[in-house]
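The next block is target-v9.cif, given as mmCIF, C-alpha atoms and all ligand atoms.
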data_final
loop_
_atom_site.label_atom_id
_atom_site.label_comp_id
_atom_site.auth_asym_id
_atom_site.auth_seq_id
_atom_site.Cartn_x
_atom_site.Cartn_y
_atom_site.Cartn_z
CA GLY A 1 181.60 -67.05 -47.29
CA SER A 2 178.80 -66.43 -44.82
CA THR A 3 175.74 -68.56 -44.21
CA ILE A 4 172.17 -67.35 -43.89
CA GLY A 5 169.87 -69.46 -41.73
CA ILE A 6 166.23 -69.57 -42.83
CA LEU A 7 163.34 -70.83 -40.71
CA GLY A 8 160.96 -72.62 -43.05
CA GLY A 9 161.64 -74.49 -46.27
CA GLY A 10 158.72 -73.55 -48.52
CA GLN A 11 158.67 -71.53 -51.72
CA LEU A 12 159.56 -68.28 -49.96
CA GLY A 13 162.63 -69.95 -48.46
CA ARG A 14 163.47 -71.30 -51.89
CA MET A 15 163.33 -67.86 -53.49
CA ILE A 16 165.37 -66.30 -50.65
CA ALA A 17 167.96 -69.07 -51.08
CA VAL A 18 168.22 -68.40 -54.84
CA ALA A 19 168.82 -64.69 -54.20
CA ALA A 20 171.33 -65.52 -51.45
CA ALA A 21 173.26 -67.87 -53.74
CA GLN A 22 173.44 -65.18 -56.41
CA LEU A 23 175.06 -62.85 -53.86
CA GLY A 24 177.55 -65.53 -52.83
CA TYR A 25 175.93 -66.67 -49.58
CA ARG A 26 175.18 -70.21 -48.50
CA THR A 27 171.84 -71.01 -46.90
CA HIS A 28 170.84 -73.41 -44.16
CA ILE A 29 167.14 -74.22 -43.76
CA TYR A 30 165.56 -75.17 -40.42
CA ALA A 31 162.09 -76.70 -40.80
CA PRO A 32 159.89 -79.38 -39.23
CA GLU A 33 159.63 -81.24 -42.55
CA SER A 34 162.44 -83.44 -43.89
CA SER A 35 162.33 -81.67 -47.25
CA GLY A 36 160.46 -78.97 -49.17
CA PRO A 37 160.68 -76.50 -52.07
CA ALA A 38 163.81 -74.85 -50.58
CA ALA A 39 165.71 -78.16 -50.39
CA ASP A 40 166.56 -78.09 -54.12
CA VAL A 41 168.50 -74.85 -53.77
CA SER A 42 169.79 -74.76 -50.19
CA PRO A 43 172.98 -76.73 -49.51
CA ARG A 44 172.07 -77.37 -45.86
CA TRP A 45 168.82 -78.48 -44.24
CA THR A 46 168.10 -79.34 -40.62
CA GLN A 47 164.88 -81.09 -39.77
CA GLY A 48 163.71 -79.91 -36.36
CA ALA A 49 160.65 -78.78 -34.46
CA TYR A 50 160.18 -75.05 -33.77
CA GLU A 51 159.60 -76.08 -30.13
CA ASP A 52 163.02 -77.77 -29.86
CA ALA A 53 165.05 -75.05 -28.11
CA GLU A 54 168.28 -77.06 -28.17
CA ALA A 55 168.13 -77.75 -31.90
CA LEU A 56 167.23 -74.13 -32.64
CA ALA A 57 170.17 -72.90 -30.57
CA ALA A 58 172.57 -75.22 -32.44
CA PHE A 59 171.11 -73.98 -35.72
CA ALA A 60 171.52 -70.31 -34.73
CA ASP A 61 175.13 -71.00 -33.65
CA SER A 62 175.93 -72.55 -37.04
CA VAL A 63 174.91 -69.56 -39.18
CA ASP A 64 175.81 -65.85 -39.41
CA VAL A 65 172.28 -64.45 -39.43
CA VAL A 66 168.83 -66.04 -39.01
CA THR A 67 165.81 -64.95 -41.02
CA TYR A 68 162.47 -66.60 -41.69
CA GLU A 69 159.89 -67.30 -44.34
CA PHE A 70 157.46 -68.55 -41.70
CA GLU A 71 156.61 -66.33 -38.74
CA ASN A 72 154.45 -68.65 -36.68
CA ILE A 73 157.05 -69.89 -34.25
CA ASP A 74 156.65 -69.67 -30.51
CA PRO A 75 157.97 -66.46 -28.88
CA SER A 76 160.11 -68.57 -26.52
CA ALA A 77 161.80 -70.15 -29.54
CA VAL A 78 162.49 -66.67 -30.86
CA GLU A 79 164.13 -65.72 -27.55
CA VAL A 80 166.39 -68.77 -27.88
CA LEU A 81 167.36 -67.76 -31.42
CA ALA A 82 168.00 -64.17 -30.40
CA THR A 83 170.34 -65.14 -27.56
CA HIS A 84 172.33 -67.38 -29.91
CA GLY A 85 172.79 -64.99 -32.78
CA LEU A 86 171.49 -62.25 -34.99
CA VAL A 87 167.80 -62.60 -35.93
CA ARG A 88 166.55 -60.30 -38.67
CA PRO A 89 163.81 -59.13 -38.65
CA GLY A 90 163.95 -59.17 -34.83
CA ALA A 91 161.96 -60.95 -32.16
CA GLN A 92 159.54 -58.07 -31.60
CA ALA A 93 158.48 -58.05 -35.25
CA LEU A 94 157.76 -61.76 -35.05
CA ARG A 95 155.83 -61.42 -31.81
CA VAL A 96 153.61 -58.65 -33.18
CA ALA A 97 153.02 -60.09 -36.64
CA GLN A 98 152.18 -63.64 -35.59
CA ASP A 99 149.18 -62.54 -33.51
CA ARG A 100 146.30 -60.79 -35.30
CA LEU A 101 145.12 -59.04 -32.16
CA ALA A 102 148.62 -57.80 -31.29
CA GLU A 103 149.24 -56.53 -34.82
CA LYS A 104 145.91 -54.67 -35.03
CA ARG A 105 146.50 -53.03 -31.62
CA PHE A 106 150.05 -52.14 -32.62
CA VAL A 107 148.91 -50.50 -35.85
CA CYS A 108 146.02 -48.66 -34.15
CA ASP A 109 148.46 -47.24 -31.58
CA LEU A 110 150.51 -45.86 -34.48
CA GLY A 111 147.43 -44.10 -35.84
CA GLY A 112 146.45 -46.65 -38.51
CA LEU A 113 142.86 -47.38 -39.51
CA THR A 114 141.64 -51.00 -39.12
CA ALA A 115 138.30 -52.80 -39.30
CA PRO A 116 136.48 -52.66 -35.96
CA PHE A 117 137.69 -55.66 -33.98
CA ALA A 118 137.29 -57.48 -30.68
CA PRO A 119 139.15 -60.31 -28.95
CA VAL A 120 137.17 -63.57 -28.75
CA GLU A 121 138.04 -66.27 -26.21
CA SER A 122 134.61 -67.87 -25.86
CA LEU A 123 131.19 -68.13 -27.46
CA ASP A 124 129.96 -65.48 -25.01
CA ASP A 125 132.72 -63.12 -26.16
CA LEU A 126 131.72 -63.77 -29.76
CA GLU A 127 128.06 -62.97 -29.14
CA GLU A 128 128.98 -59.76 -27.32
CA ALA A 129 131.37 -58.77 -30.11
CA LEU A 130 128.71 -59.38 -32.75
CA ASP A 131 126.36 -57.09 -30.80
CA ARG A 132 128.93 -54.35 -30.81
CA ILE A 133 130.53 -54.74 -34.25
CA GLY A 134 127.52 -55.98 -36.21
CA SER A 135 126.83 -59.42 -37.59
CA ARG A 136 128.47 -58.90 -40.98
CA ALA A 137 131.89 -59.95 -39.77
CA ILE A 138 134.81 -62.37 -40.05
CA LEU A 139 136.04 -64.53 -37.19
CA LYS A 140 139.76 -65.35 -37.52
CA THR A 141 142.06 -67.44 -35.34
CA ASN A 142 144.63 -65.17 -33.74
CA ARG A 143 147.50 -67.36 -34.80
CA MET A 144 148.64 -69.62 -37.61
CA GLY A 145 146.08 -68.60 -40.25
CA TYR A 146 147.11 -68.18 -43.91
CA ASP A 147 145.42 -68.36 -47.33
CA GLY A 148 142.07 -67.74 -45.61
CA LYS A 149 142.46 -70.82 -43.38
CA GLY A 150 141.17 -70.53 -39.81
CA GLN A 151 138.48 -68.02 -40.79
CA ALA A 152 134.69 -68.07 -40.73
CA ARG A 153 132.44 -65.45 -42.27
CA LEU A 154 129.26 -64.41 -40.48
CA SER A 155 126.23 -62.55 -41.78
CA ASP A 156 123.64 -63.25 -39.09
CA PRO A 157 123.79 -63.39 -35.25
CA GLY A 158 122.65 -67.02 -35.56
CA ASP A 159 125.98 -67.86 -37.26
CA ALA A 160 127.91 -67.50 -33.98
CA VAL A 161 127.91 -71.14 -32.85
CA GLY A 162 128.75 -72.46 -36.30
CA ALA A 163 131.60 -69.97 -36.74
CA TRP A 164 133.03 -70.63 -33.26
CA ASN A 165 133.05 -74.38 -33.98
CA ALA A 166 134.40 -73.89 -37.51
CA ILE A 167 137.58 -72.19 -36.27
CA GLY A 168 138.12 -74.86 -33.61
CA ARG A 169 137.05 -72.87 -30.51
CA GLN A 170 140.39 -71.15 -30.08
CA SER A 171 141.76 -67.71 -29.31
CA ALA A 172 140.38 -65.49 -32.06
CA ILE A 173 139.54 -62.01 -33.28
CA LEU A 174 136.22 -60.80 -34.68
CA GLU A 175 136.55 -58.21 -37.42
CA GLY A 176 133.79 -56.14 -38.92
CA PHE A 177 133.43 -56.75 -42.65
CA VAL A 178 135.12 -53.90 -44.54
CA THR A 179 133.50 -52.62 -47.71
CA PHE A 180 136.29 -51.97 -50.15
CA ALA A 181 136.79 -51.50 -53.87
CA GLN A 182 140.27 -53.01 -54.18
CA GLU A 183 143.06 -54.56 -52.13
CA PHE A 184 146.75 -53.71 -52.22
CA SER A 185 149.96 -54.35 -50.36
CA VAL A 186 152.80 -52.07 -49.36
CA ILE A 187 156.11 -53.90 -49.50
CA LEU A 188 159.18 -52.15 -48.16
CA VAL A 189 162.72 -53.03 -47.30
CA ARG A 190 164.47 -51.42 -44.35
CA GLY A 191 168.24 -51.66 -44.21
CA ALA A 192 170.39 -52.17 -41.12
CA ASP A 193 171.07 -48.39 -41.25
CA GLY A 194 167.33 -47.60 -41.15
CA GLN A 195 167.02 -46.60 -44.79
CA ILE A 196 163.62 -47.54 -46.27
CA ARG A 197 162.74 -48.27 -49.89
CA PHE A 198 159.26 -49.09 -51.20
CA TRP A 199 158.32 -51.14 -54.22
CA ASP A 200 155.37 -50.03 -56.31
CA SER A 201 152.19 -51.39 -54.77
CA ALA A 202 150.31 -54.10 -56.62
CA ALA A 203 146.53 -54.40 -56.82
CA ASN A 204 145.85 -57.83 -55.33
CA VAL A 205 142.86 -59.98 -56.23
CA HIS A 206 141.96 -62.87 -53.92
CA THR A 207 139.82 -65.82 -54.90
CA ASP A 208 138.42 -68.02 -52.12
CA GLY A 209 140.71 -66.29 -49.61
CA ILE A 210 143.86 -67.07 -51.66
CA LEU A 211 145.87 -64.49 -53.61
CA ASP A 212 145.12 -64.95 -57.30
CA THR A 213 146.75 -62.00 -59.11
CA SER A 214 148.96 -58.99 -58.34
CA THR A 215 149.10 -56.21 -60.92
CA VAL A 216 151.31 -53.13 -61.21
CA PRO A 217 150.49 -50.30 -61.77
CA ALA A 218 147.65 -50.68 -59.31
CA GLY A 219 145.49 -47.90 -60.75
CA PRO A 220 144.34 -44.47 -59.58
CA LEU A 221 142.21 -45.53 -56.61
CA ILE A 222 145.07 -47.38 -54.91
CA GLU A 223 147.69 -44.85 -55.98
CA GLY A 224 145.62 -42.15 -54.30
CA GLN A 225 145.90 -44.04 -50.98
CA LEU A 226 149.58 -44.92 -51.19
CA ALA A 227 151.00 -41.92 -49.36
CA GLY A 228 148.99 -42.69 -46.23
CA ALA A 229 149.59 -46.43 -46.43
CA ARG A 230 153.34 -45.97 -46.92
CA ALA A 231 153.60 -43.50 -44.06
CA LEU A 232 151.95 -46.07 -41.77
CA ALA A 233 154.16 -48.89 -43.06
CA ALA A 234 157.29 -46.81 -42.43
CA LYS A 235 156.09 -46.02 -38.90
CA VAL A 236 155.58 -49.75 -38.25
CA ALA A 237 159.04 -50.58 -39.61
CA ASP A 238 160.73 -47.85 -37.56
CA ALA A 239 158.83 -48.76 -34.37
CA LEU A 240 159.98 -52.39 -34.72
CA ASP A 241 163.54 -51.33 -35.64
CA TYR A 242 162.88 -53.62 -38.55
CA VAL A 243 165.58 -55.02 -40.83
CA GLY A 244 164.50 -56.82 -44.01
CA VAL A 245 161.40 -56.92 -46.17
CA LEU A 246 158.08 -56.05 -44.51
CA THR A 247 154.61 -56.35 -46.05
CA LEU A 248 151.39 -54.63 -45.02
CA GLU A 249 148.07 -55.57 -46.65
CA PHE A 250 145.41 -52.88 -47.08
CA PHE A 251 141.84 -52.46 -48.30
CA ALA A 252 141.29 -49.38 -50.46
CA SER A 253 138.06 -48.09 -48.91
CA ALA A 254 136.04 -44.89 -49.20
CA ASP A 255 137.56 -43.86 -45.83
CA GLY A 256 141.11 -44.37 -47.09
CA PRO A 257 143.53 -47.27 -46.62
CA VAL A 258 142.32 -49.80 -44.04
CA PHE A 259 145.11 -51.98 -42.62
CA ASN A 260 144.31 -55.70 -42.83
CA GLU A 261 147.42 -57.58 -41.73
CA MET A 262 151.18 -57.58 -41.91
CA ALA A 263 153.76 -60.19 -42.77
CA PRO A 264 157.29 -59.79 -41.33
CA ARG A 265 158.81 -61.26 -44.47
CA VAL A 266 158.86 -61.44 -48.23
CA HIS A 267 155.35 -61.83 -49.59
CA ASN A 268 153.45 -63.58 -52.37
CA SER A 269 152.14 -60.22 -53.62
CA GLY A 270 155.78 -59.23 -54.23
CA HIS A 271 156.75 -62.14 -56.47
CA TRP A 272 156.31 -59.86 -59.48
CA THR A 273 159.47 -58.00 -58.34
CA ILE A 274 161.71 -60.91 -59.46
CA GLU A 275 161.40 -59.81 -63.10
CA GLY A 276 159.33 -56.64 -62.75
CA ALA A 277 161.53 -54.56 -60.46
CA LEU A 278 165.17 -53.49 -60.75
CA THR A 279 165.88 -55.37 -57.51
CA SER A 280 163.60 -58.15 -56.27
CA GLN A 281 162.14 -58.38 -52.77
CA PHE A 282 164.29 -61.49 -52.23
CA GLU A 283 167.56 -59.84 -53.20
CA ASN A 284 166.85 -56.78 -51.09
CA HIS A 285 165.83 -58.94 -48.14
CA VAL A 286 169.20 -60.69 -48.31
CA ARG A 287 171.03 -57.39 -48.73
CA ALA A 288 169.23 -55.90 -45.72
CA ILE A 289 169.75 -58.79 -43.30
CA CYS A 290 173.41 -59.02 -44.34
CA GLY A 291 173.95 -55.31 -43.72
CA LEU A 292 174.61 -54.50 -47.39
CA PRO A 293 173.45 -51.44 -49.35
CA LEU A 294 169.94 -51.81 -50.81
CA GLY A 295 169.20 -52.12 -54.52
CA ASP A 296 166.88 -49.88 -56.55
CA THR A 297 163.24 -50.90 -56.14
CA GLY A 298 162.08 -49.12 -59.30
CA LEU A 299 159.97 -50.73 -62.01
CA ALA A 300 161.58 -52.65 -64.88
CA ALA A 301 158.50 -52.53 -67.09
CA ALA A 302 155.43 -50.42 -67.80
CA LYS A 303 153.10 -53.16 -66.58
CA VAL A 304 153.65 -56.32 -64.55
CA GLU A 305 151.13 -59.05 -63.82
CA MET A 306 151.71 -62.00 -61.49
CA ARG A 307 149.28 -64.91 -61.39
CA ASN A 308 149.47 -67.71 -58.85
CA LEU A 309 149.24 -71.29 -60.05
CA ILE A 310 146.99 -72.96 -57.49
CA GLY A 311 146.52 -76.75 -57.42
CA GLU A 312 145.86 -78.12 -60.88
CA GLN A 313 146.39 -74.72 -62.58
CA ALA A 314 150.07 -75.64 -62.58
CA ASN A 315 149.36 -78.53 -64.95
CA ASP A 316 149.14 -75.93 -67.76
CA TRP A 317 152.81 -75.01 -67.41
CA LEU A 318 153.76 -76.01 -70.95
CA GLN A 319 150.90 -73.92 -72.35
CA ILE A 320 152.10 -71.00 -70.20
CA LEU A 321 155.62 -71.33 -71.62
CA SER A 322 154.30 -71.28 -75.18
CA ASP A 323 153.83 -67.53 -74.69
CA PRO A 324 157.36 -66.08 -74.73
CA ALA A 325 156.29 -63.11 -72.59
CA ASN A 326 155.57 -65.37 -69.62
CA HIS A 327 158.08 -66.12 -66.86
CA LEU A 328 157.21 -69.43 -65.22
CA HIS A 329 158.09 -70.30 -61.62
CA LEU A 330 157.39 -73.80 -60.31
CA TYR A 331 158.11 -74.59 -56.68
CA GLY A 332 158.93 -78.28 -57.12
CA LYS A 333 155.94 -79.52 -55.10
CA HIS A 334 154.89 -83.00 -56.07
CA GLU A 335 151.27 -83.12 -55.02
CA ALA A 336 148.89 -80.58 -56.62
CA ARG A 337 146.40 -80.52 -53.73
CA PRO A 338 143.45 -78.11 -54.16
CA GLY A 339 144.28 -74.64 -52.81
CA ARG A 340 148.02 -75.37 -52.76
CA LYS A 341 150.38 -72.78 -54.24
CA MET A 342 152.35 -74.73 -56.86
CA GLY A 343 153.99 -71.86 -58.73
CA HIS A 344 153.35 -68.51 -60.35
CA VAL A 345 153.68 -66.82 -63.70
CA THR A 346 154.82 -63.24 -64.30
CA ARG A 347 154.21 -61.23 -67.43
CA LEU A 348 155.93 -57.97 -68.28
CA THR A 349 154.72 -55.35 -70.73
CA LEU A 350 157.51 -52.98 -71.69
P1 LIG B 1 147.22 -64.43 -46.31
O1 LIG B 1 147.37 -65.64 -47.17
O2 LIG B 1 147.20 -63.12 -47.07
O3 LIG B 1 148.14 -64.39 -45.12
P2 LIG B 1 145.13 -64.76 -44.33
O4 LIG B 1 144.67 -66.16 -44.20
O5 LIG B 1 146.05 -64.21 -43.31
O6 LIG B 1 145.71 -64.53 -45.79
P3 LIG B 1 143.48 -62.36 -44.46
O7 LIG B 1 144.45 -61.61 -45.25
O8 LIG B 1 143.17 -61.88 -43.10
O9 LIG B 1 143.80 -63.91 -44.39
O10 LIG B 1 142.11 -62.47 -45.27
C1 LIG B 1 142.08 -63.05 -46.56
C2 LIG B 1 141.19 -62.21 -47.45
O11 LIG B 1 139.85 -62.16 -46.92
C3 LIG B 1 141.61 -60.75 -47.54
O12 LIG B 1 142.64 -60.54 -48.47
C4 LIG B 1 140.28 -60.10 -47.94
O13 LIG B 1 140.00 -60.33 -49.30
C5 LIG B 1 139.28 -60.87 -47.09
N1 LIG B 1 139.10 -60.23 -45.78
C6 LIG B 1 139.83 -60.45 -44.67
N2 LIG B 1 139.43 -59.68 -43.64
C7 LIG B 1 138.41 -58.93 -44.10
C8 LIG B 1 137.56 -57.93 -43.52
N3 LIG B 1 137.66 -57.55 -42.23
N4 LIG B 1 136.60 -57.36 -44.32
C9 LIG B 1 136.47 -57.75 -45.62
N5 LIG B 1 137.24 -58.68 -46.20
C10 LIG B 1 138.20 -59.27 -45.48
MG MG B 2 147.96 -63.58 -43.42
MG MG B 3 146.22 -61.65 -46.09
#
Before anything else, please render the file you have as structure tokens.
Ligand code: ATP
Ligand code: MG
Ligand code: MG
Amino acid sequence: GSTIGILGGGQLGRMIAVAAAQLGYRTHIYAPESSGPAADVSPRWTQGAYEDAEALAAFADSVDVVTYEFENIDPSAVEVLATHGLVRPGAQALRVAQDRLAEKRFVCDLGGLTAPFAPVESLDDLEEALDRIGSRAILKTNRMGYDGKGQARLSDPGDAVGAWNAIGRQSAILEGFVTFAQEFSVILVRGADGQIRFWDSAANVHTDGILDTSTVPAGPLIEGQLAGARALAAKVADALDYVGVLTLEFFASADGPVFNEMAPRVHNSGHWTIEGALTSQFENHVRAICGLPLGDTGLAAAKVEMRNLIGEQANDWLQILSDPANHLHLYGKHEARPGRKMGHVTRLTL
């Protein structure tokens, strides 16, 4: 059998590994940690730094295809991987999606609508950008941010110094604050032959910058903006010659879908597809990167709701199971730190 290499050993790696095993593949995780949620289900694990070119090359040589659940690795490391084997999605997708400025410019060039934005390399830049964009804004680090980390919200020009310090005085982007009614994500899979399939879009609700719930159907407002959002997502996927699952996050605004960010991978807002779609995002990601035909992305229920279990919310797992309609997923993390994604629960209504 063939082996799939996965960069990153968190819950996304775990769920990819489960889907891979079901299709008869072995998985080999490469991650800086010695263990993680994916360790329980992946037969092989290499502990190594993403900066260690030699170790990455050996890893790439030992597997048939490399994919990732974590996109924040240095572009030079990606080059190393790409010269030692097949990386799917490819290096360009990683390079664009790991840098907020690059991804916004990329999407704008393809005709997508984004919040007004400006690059920020200094406090002076920030003050200039606030003048231009307006002081109701969000300052985000260009790289490495997730779950709302590395962000500072501003509402007054006097917030500049505090915000610049709060994000650690590093390469950043200032975004104007978008007024929106709802948020949604477009998740697609693109096969090695270029065929694209979309899952239904979920309405996503964030609490404190962290995804809380994803619900399908998303409702009329979002459904009215899907054609435009999907057309943009397909353009992005084609332009990157993308293979695998790709996620774009949008705000449903009065001006139409506003692109927020993309993830070159399976996504938390697609966890509902494990039970709620005919083929899950994880299975189709594996099929795509292995060059197999894609499975049907249609709905398996009339309504699907996914709720994240953050920190201590996971302590209620037995209570959750007492409702037979609930599907419980726990990621095997030992410490329920505040803000940490411990698991999720999915509920289908037929
Ligand atoms: P993720 O965990 O999704 O990767 P992240 O840390 O990359 O999150 P973003 O998606 O950029 O962060 O922002 C988190 C949330 O903050 C968004 O889902 C949205 O609710 C809000 N937000 C971000 N940017 C803006 C904006 N320009 N205007 C209004 N709200 C925003
Ligand atoms: Mg993000
Ligand atoms: Mg986001």
**OP:** Using all atoms listed in the file, find each protein or nucleic acid residue lying at most 7 Å from ligand MG 3 (chain B); present the set as a VMD selection string.
**Re:** chain A and resid 146 to 147 249 261
Determine the axis-aligned bounding box of all atoms of region 150-155 of chain A present in the file, pad each side by 4 Å, and express its centre and edge lengths in Å to one decimal place as AutoDock Vina command-line options.
--center_x 133.7 --center_y -66.5 --center_z -41.0 --size_x 22.9 --size_y 16.0 --size_z 10.5
**OP:** Dump the neighbourhood of ligand LIG 1 (chain B) as a VMD selection string: all residues within 9 Å, distances computed on only C-alpha atoms and all ligand atoms.
**Re:** chain A and resid 100 114 to 117 136 to 140 144 to 151 174 to 180 182 to 184 204 to 211 249 to 251 260 to 263 267 to 269
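Proximity of A:Gly244, A:Gly9, A:Pro264, A:Gly291 to Val96 (chain A), computed with only C-alpha atoms, is greatest for A:Pro264.
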**OP:** Work out how far apart CA of Ala239 (chain A) and CA of Ser171 (chain A) are and give it in Å to one decimal.
**Re:** 26.0 Å
Original post:
Smallest atom-to-atom distance to ligand MG 2 (chain B): which of A:Arg143, A:His329, A:His28, A:Arg190, using all atoms listed in the file?
Top reply: A:Arg143
**OP:** Using only C-alpha atoms, find all polymer residues with an atom at most 9 Å away from the point (158.0, -75.9, -34.6); report them as an NGL selection string.
**Re:** :A and (31-32 or 48-52 or 72-74 or 77)
Those residues with C-alpha atoms, as a PDB file, in the coordinates of the input please?
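Output file part_17.pdb is given in full below:
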ATOM      1  CA  ALA A  31     162.090 -76.700 -40.800  1.00  0.00           C
ATOM      2  CA  PRO A  32     159.890 -79.380 -39.230  1.00  0.00           C
ATOM      3  CA  GLY A  48     163.710 -79.910 -36.360  1.00  0.00           C
ATOM      4  CA  ALA A  49     160.650 -78.780 -34.460  1.00  0.00           C
ATOM      5  CA  TYR A  50     160.180 -75.050 -33.770  1.00  0.00           C
ATOM      6  CA  GLU A  51     159.600 -76.080 -30.130  1.00  0.00           C
ATOM      7  CA  ASP A  52     163.020 -77.770 -29.860  1.00  0.00           C
ATOM      8  CA  ASN A  72     154.450 -68.650 -36.680  1.00  0.00           C
ATOM      9  CA  ILE A  73     157.050 -69.890 -34.250  1.00  0.00           C
ATOM     10  CA  ASP A  74     156.650 -69.670 -30.510  1.00  0.00           C
ATOM     11  CA  ALA A  77     161.800 -70.150 -29.540  1.00  0.00           C
TER      12      ALA A  77
END
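Note that CA of Arg44 (chain A) and CA of Ile187 (chain A) are 28.6 Å apart.
Interatomic distance, CA of Asn308 (chain A) against CA of Lys104 (chain A): 27.4 Å.
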Original post:
For Leu240 (chain A), which residue among A:Ala21, A:Ile29, A:Ala91, A:Ile222 is the nearest when counting only C-alpha atoms?
Top reply: A:Ala91
Original post:
For ligand MG 2 (chain B), which residue among A:Gln319, A:Gln313, A:Asn142, A:Thr215 is the nearest when counting all atoms listed in the file?
Top reply: A:Asn142
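The shortest atom-to-atom distance to ligand MG 2 (chain B), with all atoms listed in the file taken into account, belongs to A:Phe70 out of A:Phe282, A:Trp317, A:Phe70, A:Trp164.
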Subject >> Using only C-alpha atoms and all ligand atoms: which of A:Arg95, A:Arg197, A:Arg265, A:Arg105 has the shortest distance to ligand MG 2 (chain B) >> reply: A:Arg265
Original post:
Is there a way to get, as a ChimeraX atom specification, all residues within 8 Å of the point (165.9, -61.9, -49.7) in file coordinates, counting all atoms listed in the file?
Top reply: /A:15-17,19-20,244-245,266,280-288
Once you have the residues from the selection above, write them out as a short mmCIF file (atom, residue, chain, number, x, y, z; two decimals), in the frame of the given file, restricted to C-alpha atoms.
data_model
loop_
_atom_site.label_atom_id
_atom_site.label_comp_id
_atom_site.auth_asym_id
_atom_site.auth_seq_id
_atom_site.Cartn_x
_atom_site.Cartn_y
_atom_site.Cartn_z
CA MET A 15 163.33 -67.86 -53.49
CA ILE A 16 165.37 -66.30 -50.65
CA ALA A 17 167.96 -69.07 -51.08
CA ALA A 19 168.82 -64.69 -54.20
CA ALA A 20 171.33 -65.52 -51.45
CA GLY A 244 164.50 -56.82 -44.01
CA VAL A 245 161.40 -56.92 -46.17
CA VAL A 266 158.86 -61.44 -48.23
CA SER A 280 163.60 -58.15 -56.27
CA GLN A 281 162.14 -58.38 -52.77
CA PHE A 282 164.29 -61.49 -52.23
CA GLU A 283 167.56 -59.84 -53.20
CA ASN A 284 166.85 -56.78 -51.09
CA HIS A 285 165.83 -58.94 -48.14
CA VAL A 286 169.20 -60.69 -48.31
CA ARG A 287 171.03 -57.39 -48.73
CA ALA A 288 169.23 -55.90 -45.72
#
Original post:
Which residues, written as an NGL selection string, have at least one atom at most 9 Å from Arg340 (chain A), with all atoms listed in the file counted and residues fewer than 3 positions away on the same chain left out?
Top reply: :A and (309-312 or 335-337)
Subject >> For Ser62 (chain A): contacts at 10 Å, only C-alpha atoms, fewer than 3 positions along chain excluded, given as number ranges by chain >> reply: A: 3-5, 28, 56-59, 65-66, 84-85
